[in-house]
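Chemist: Here you go, this is my_file38.txt (compact mmCIF, C-alpha atoms).
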```txt
# COMPACT_ATOMS: atom_id res chain seq x y z
CA MET A 1301 69.71 147.60 81.16
CA LYS A 1302 72.22 144.81 80.67
CA SER A 1303 72.08 141.66 82.79
CA ILE A 1304 74.55 139.13 84.19
CA LEU A 1305 73.40 135.64 85.18
CA CYS A 1306 75.45 134.07 87.98
CA PHE A 1307 75.13 130.28 87.80
CA GLY A 1308 76.75 128.44 90.66
CA ASP A 1309 76.47 126.41 93.84
CA SER A 1310 76.36 127.22 97.56
CA ASN A 1311 79.14 129.80 97.30
CA THR A 1312 76.98 131.69 94.79
CA TYR A 1313 73.86 131.09 96.89
CA GLY A 1314 75.62 132.63 99.88
CA TYR A 1315 75.65 129.72 102.33
CA SER A 1316 77.01 130.76 105.71
CA PRO A 1317 79.75 128.43 107.00
CA TYR A 1318 78.83 129.32 110.56
CA ASP A 1319 75.18 128.35 110.88
CA GLY A 1320 73.98 127.15 107.46
CA SER A 1321 71.81 130.21 106.92
CA ARG A 1322 71.99 132.39 103.83
CA TYR A 1323 74.01 135.57 103.95
CA PRO A 1324 71.94 138.68 103.22
CA SER A 1325 72.12 140.22 99.76
CA ASP A 1326 74.55 142.94 100.77
CA VAL A 1327 77.05 140.29 101.92
CA ARG A 1328 76.76 137.75 99.08
CA TRP A 1329 79.28 138.33 96.30
CA THR A 1330 76.42 138.53 93.81
CA GLY A 1331 74.76 141.31 95.81
CA VAL A 1332 78.02 143.21 96.27
CA LEU A 1333 78.72 142.89 92.54
CA ASN A 1334 75.25 144.21 91.77
CA GLU A 1335 75.94 147.31 93.84
CA LEU A 1336 79.29 147.83 92.13
CA LEU A 1337 77.68 147.59 88.67
CA ILE A 1338 74.45 149.47 89.32
CA LYS A 1339 75.98 152.74 88.17
CA ASP A 1340 76.70 151.03 84.84
CA GLU A 1341 73.03 150.04 84.56
CA VAL A 1342 73.83 146.34 84.89
CA GLN A 1343 71.58 143.93 86.78
CA VAL A 1344 73.08 140.88 88.49
CA ILE A 1345 70.79 137.83 88.55
CA GLU A 1346 71.48 135.25 91.26
CA GLU A 1347 71.08 131.58 90.41
CA GLY A 1348 73.09 129.80 93.09
CA LEU A 1349 71.93 126.45 94.47
CA VAL A 1350 73.38 124.46 97.36
CA GLY A 1351 74.83 121.18 96.10
CA ARG A 1352 74.71 122.03 92.38
CA THR A 1353 77.10 120.05 90.17
CA THR A 1354 78.09 120.39 86.54
CA VAL A 1355 76.62 117.16 85.12
CA PHE A 1356 76.37 114.72 88.04
CA GLU A 1357 73.06 113.59 89.54
CA ASP A 1358 72.88 113.96 93.33
CA SER A 1359 71.31 110.81 94.79
CA PHE A 1360 70.36 112.64 97.98
CA ARG A 1361 68.98 115.92 96.61
CA PRO A 1362 67.09 116.23 93.33
CA GLY A 1363 67.55 119.09 90.89
CA ARG A 1364 71.28 119.62 91.43
CA LYS A 1365 72.46 118.61 87.96
CA GLY A 1366 73.49 121.93 86.46
CA ILE A 1367 73.41 120.85 82.83
CA ASP A 1368 69.63 120.35 83.08
CA TYR A 1369 68.93 123.90 84.24
CA LEU A 1370 71.38 126.26 82.56
CA VAL A 1371 69.54 126.81 79.27
CA PRO A 1372 66.09 127.02 80.90
CA LEU A 1373 67.45 129.71 83.19
CA LEU A 1374 69.02 131.57 80.28
CA GLU A 1375 65.59 131.46 78.67
CA THR A 1376 63.85 132.53 81.88
CA HIS A 1377 66.02 135.61 82.25
CA HIS A 1378 66.38 136.41 78.54
CA PRO A 1379 68.03 138.56 77.37
CA VAL A 1380 71.23 137.77 79.27
CA ASP A 1381 74.39 139.64 78.26
CA MET A 1382 76.90 137.74 80.36
CA LEU A 1383 77.04 134.38 82.12
CA ILE A 1384 79.24 133.96 85.17
CA LEU A 1385 79.85 130.25 85.63
CA MET A 1386 81.36 128.98 88.90
CA LEU A 1387 80.82 125.27 89.55
CA GLY A 1388 82.95 122.25 90.35
CA THR A 1389 83.27 122.08 94.13
CA ASN A 1390 80.44 119.58 94.55
CA ASP A 1391 81.82 117.51 91.68
CA CYS A 1392 84.82 116.84 93.94
CA LYS A 1393 82.68 114.74 96.30
CA THR A 1394 83.79 111.18 96.97
CA ILE A 1395 80.63 109.68 95.49
CA TYR A 1396 81.51 110.97 91.99
CA ASN A 1397 85.19 109.93 92.10
CA ALA A 1398 85.90 112.47 89.36
CA SER A 1399 89.29 113.89 88.43
CA ALA A 1400 89.79 117.57 87.68
CA GLN A 1401 89.90 116.65 83.99
CA VAL A 1402 86.53 114.86 84.16
CA ILE A 1403 84.98 117.79 86.03
CA GLY A 1404 86.37 119.97 83.26
CA LEU A 1405 84.43 117.91 80.73
CA GLY A 1406 81.27 118.80 82.63
CA ILE A 1407 82.12 122.51 82.58
CA GLU A 1408 82.86 122.20 78.88
CA ARG A 1409 79.38 120.80 78.25
CA LEU A 1410 77.86 123.74 80.09
CA ILE A 1411 79.86 126.22 78.05
CA GLU A 1412 78.85 124.50 74.81
CA ARG A 1413 75.18 124.51 75.80
CA ALA A 1414 75.30 128.20 76.62
CA LYS A 1415 77.10 129.01 73.37
CA ARG A 1416 74.59 127.04 71.32
CA PHE A 1417 71.75 128.91 72.98
CA ASN A 1418 73.41 132.28 72.32
CA PRO A 1419 76.64 132.37 70.28
CA PHE A 1420 77.16 136.00 71.31
CA LEU A 1421 76.84 135.39 75.05
CA LYS A 1422 79.84 136.59 77.03
CA ILE A 1423 81.05 134.06 79.59
CA LEU A 1424 83.21 134.61 82.64
CA LEU A 1425 84.45 131.20 83.79
CA ILE A 1426 85.53 131.06 87.43
CA SER A 1427 87.42 128.14 88.93
CA PRO A 1428 86.15 127.76 92.52
CA ILE A 1429 88.03 128.24 95.75
CA HIS A 1430 90.02 125.27 96.98
CA LEU A 1431 88.52 122.98 99.57
CA GLY A 1432 90.13 123.32 102.99
CA GLU A 1433 92.78 120.80 103.94
CA GLU A 1434 90.61 119.39 106.73
CA VAL A 1435 87.21 119.39 104.99
CA TRP A 1436 87.08 115.57 105.03
CA LYS A 1437 87.75 115.21 108.76
CA ASP A 1438 85.17 114.58 111.49
CA GLY A 1439 83.05 117.63 112.16
CA TYR A 1440 83.23 118.98 108.62
CA ASP A 1441 81.79 117.46 105.43
CA PRO A 1442 81.75 113.64 105.16
CA GLU A 1443 80.96 113.83 101.43
CA PHE A 1444 84.60 114.76 100.73
CA ASN A 1445 87.89 112.95 101.32
CA GLN A 1446 91.57 113.85 101.08
CA LYS A 1447 91.57 113.26 97.34
CA SER A 1448 88.77 115.82 96.98
CA VAL A 1449 91.09 118.54 98.25
CA ASP A 1450 93.71 117.73 95.62
CA VAL A 1451 91.07 117.58 92.86
CA SER A 1452 89.75 121.01 93.84
CA LYS A 1453 93.26 122.41 93.50
CA GLY A 1454 93.54 120.97 89.99
CA LEU A 1455 90.46 122.74 88.64
CA GLU A 1456 92.18 126.06 88.00
CA GLY A 1457 94.50 124.75 85.30
CA VAL A 1458 91.75 122.78 83.59
CA TYR A 1459 89.33 125.72 83.60
CA ARG A 1460 91.97 128.15 82.43
CA ARG A 1461 92.59 126.01 79.34
CA LEU A 1462 88.85 125.77 78.66
CA ALA A 1463 88.47 129.52 78.95
CA LYS A 1464 91.18 129.97 76.36
CA LYS A 1465 89.63 127.33 74.06
CA TYR A 1466 86.18 128.92 74.14
CA ARG A 1467 87.35 132.53 74.40
CA CYS A 1468 85.83 133.10 77.80
CA SER A 1469 87.09 135.52 80.41
CA PHE A 1470 88.69 133.69 83.33
CA LEU A 1471 89.22 134.18 87.04
CA ALA A 1472 90.58 131.81 89.67
CA ALA A 1473 88.55 132.41 92.83
CA SER A 1474 91.32 130.69 94.80
CA ASP A 1475 93.63 133.59 93.94
CA VAL A 1476 91.54 136.00 96.00
CA ALA A 1477 89.57 133.94 98.53
CA ARG A 1478 89.73 130.80 100.62
CA PRO A 1479 87.20 128.70 102.53
CA SER A 1480 86.26 129.65 106.06
CA GLU A 1481 88.05 127.87 108.88
CA ALA A 1482 84.57 127.18 110.27
CA ASP A 1483 83.65 124.54 107.69
CA GLN A 1484 86.63 124.33 105.29
CA GLU A 1485 84.26 124.74 102.33
CA HIS A 1486 82.35 128.01 102.14
CA LEU A 1487 83.25 131.66 101.80
CA ASP A 1488 82.99 133.94 104.81
CA ARG A 1489 81.97 137.59 104.57
CA GLU A 1490 85.48 138.74 103.73
CA GLY A 1491 85.72 136.09 101.00
CA HIS A 1492 82.48 137.22 99.38
CA LEU A 1493 83.68 140.83 99.35
CA ALA A 1494 87.09 139.92 97.93
CA LEU A 1495 85.56 137.75 95.20
CA ALA A 1496 82.99 140.38 94.20
CA THR A 1497 85.68 143.03 93.96
CA GLU A 1498 87.89 140.87 91.74
CA ILE A 1499 84.97 139.83 89.52
CA TYR A 1500 84.09 143.49 89.07
CA LYS A 1501 87.68 144.30 88.06
CA THR A 1502 87.71 141.36 85.63
CA ILE A 1503 84.47 142.48 84.00
CA LYS A 1504 85.72 146.05 83.61
CA ARG A 1505 89.05 144.88 82.17
CA ASN A 1506 87.27 142.81 79.54
CA GLU A 1507 84.72 145.38 78.44
CA ASP A 1508 84.56 145.95 74.69
```
Could I get this file's structure written as structure tokens?

Modeler:
Amino acid sequence: MKSILCFGDSNTYGYSPYDGSRYPSDVRWTGVLNELLIKDEVQVIEEGLVGRTTVFEDSFRPGRKGIDYLVPLLETHHPVDMLILMLGTNDCKTIYNASAQVIGLGIERLIERAKRFNPFLKILLISPIHLGEEVWKDGYDPEFNQKSVDVSKGLEGVYRRLAKKYRCSFLAASDVARPSEADQEHLDREGHLALATEIYKTIKRNED
């Protein structure tokens, strides 16, 4: 049986924008994707973590620096046939003051690490959904500001160029899903379903 490792943040974890709980497996995009691929004898492995970044250290929550965990997780779940990489939203936080280009450098390091570990590993790079226009306002997430919204919108172009450079498959999550109105940041049930469906189509289109 082939396996796909999904390495991401809270939108891979399945964080509910309504109450902060975790959506059940049959709602999370990873779980939906697993059901879509089960007939192809493909197992989807979930490795989503709330607050995960590409290369930045979170001063408030330890263990969120993605670069430190990607290869160990590839080793843990070996053999892995495909890596789905969707990170960058948390890198848009005010505390990091990172541009889309700098966040892209972090994603590039992750891709390079994965390729060094397994040169034959297939990678699907996904640029995340855009942050909502009001995510920085009172009642939403104080870790973001207005600039964060613009930076999140710039990730697609940067990631698309990286995907071409490293011969990865590419998908812009923002083309098929948007953040919930409830928190301006996380996918709702419909968003998870839409993203899973598009990821499935992308995987099937890029099969050898």

Chemist: Pick from A:Ile1367, A:Ala1463, A:Val1380, A:Ala1494: nearest to Ile1345 of chain A, with only C-alpha atoms counted?

Modeler: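 For Ile1345 of chain A, the nearest of the candidates is A:Val1380.
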
Chemist: Rank A:Ile1403, A:Gly1331, A:Leu1424, A:Tyr1323 by their smallest atom-to-atom distance to Lys1501 of chain A, using all atoms listed in the file, and report the top residue only.

Modeler: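 Selected residue with least distance to Lys1501 of chain A: A:Leu1424.
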
Chemist: Between atom CA of Tyr1440 of chain A and atom CA of Lys1393 of chain A, what distance in Å does the model show, to one decimal?

Modeler: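 A separation of 13.0 Å between them.
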
Chemist: What does the distance between atom CA of Glu1347 of chain A and atom CA of Phe1307 of chain A come to in Å, to one decimal place?

Modeler: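 Computed distance, atom CA of Glu1347 of chain A to atom CA of Phe1307 of chain A, equals 5.0 Å.
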
Chemist: Return as JSON the centre and edge lengths, in Å with one decimal, of the box along x, y and z that encloses every atom of segment 1364-1378 of chain A in the file, padded by 6 Å per side.

Modeler:
```
{"center_x": 68.7, "center_y": 127.5, "center_z": 85.0, "size_x": 21.6, "size_y": 29.8, "size_z": 24.9}
```

Chemist: Might you pull out every residue within 8 Å of Tyr1315 of chain A, with only C-alpha atoms counted and same-chain residues fewer than 6 positions away left off, and present them as a ChimeraX atom specification?

Modeler: /A:1321-1323,1350,1486-1487
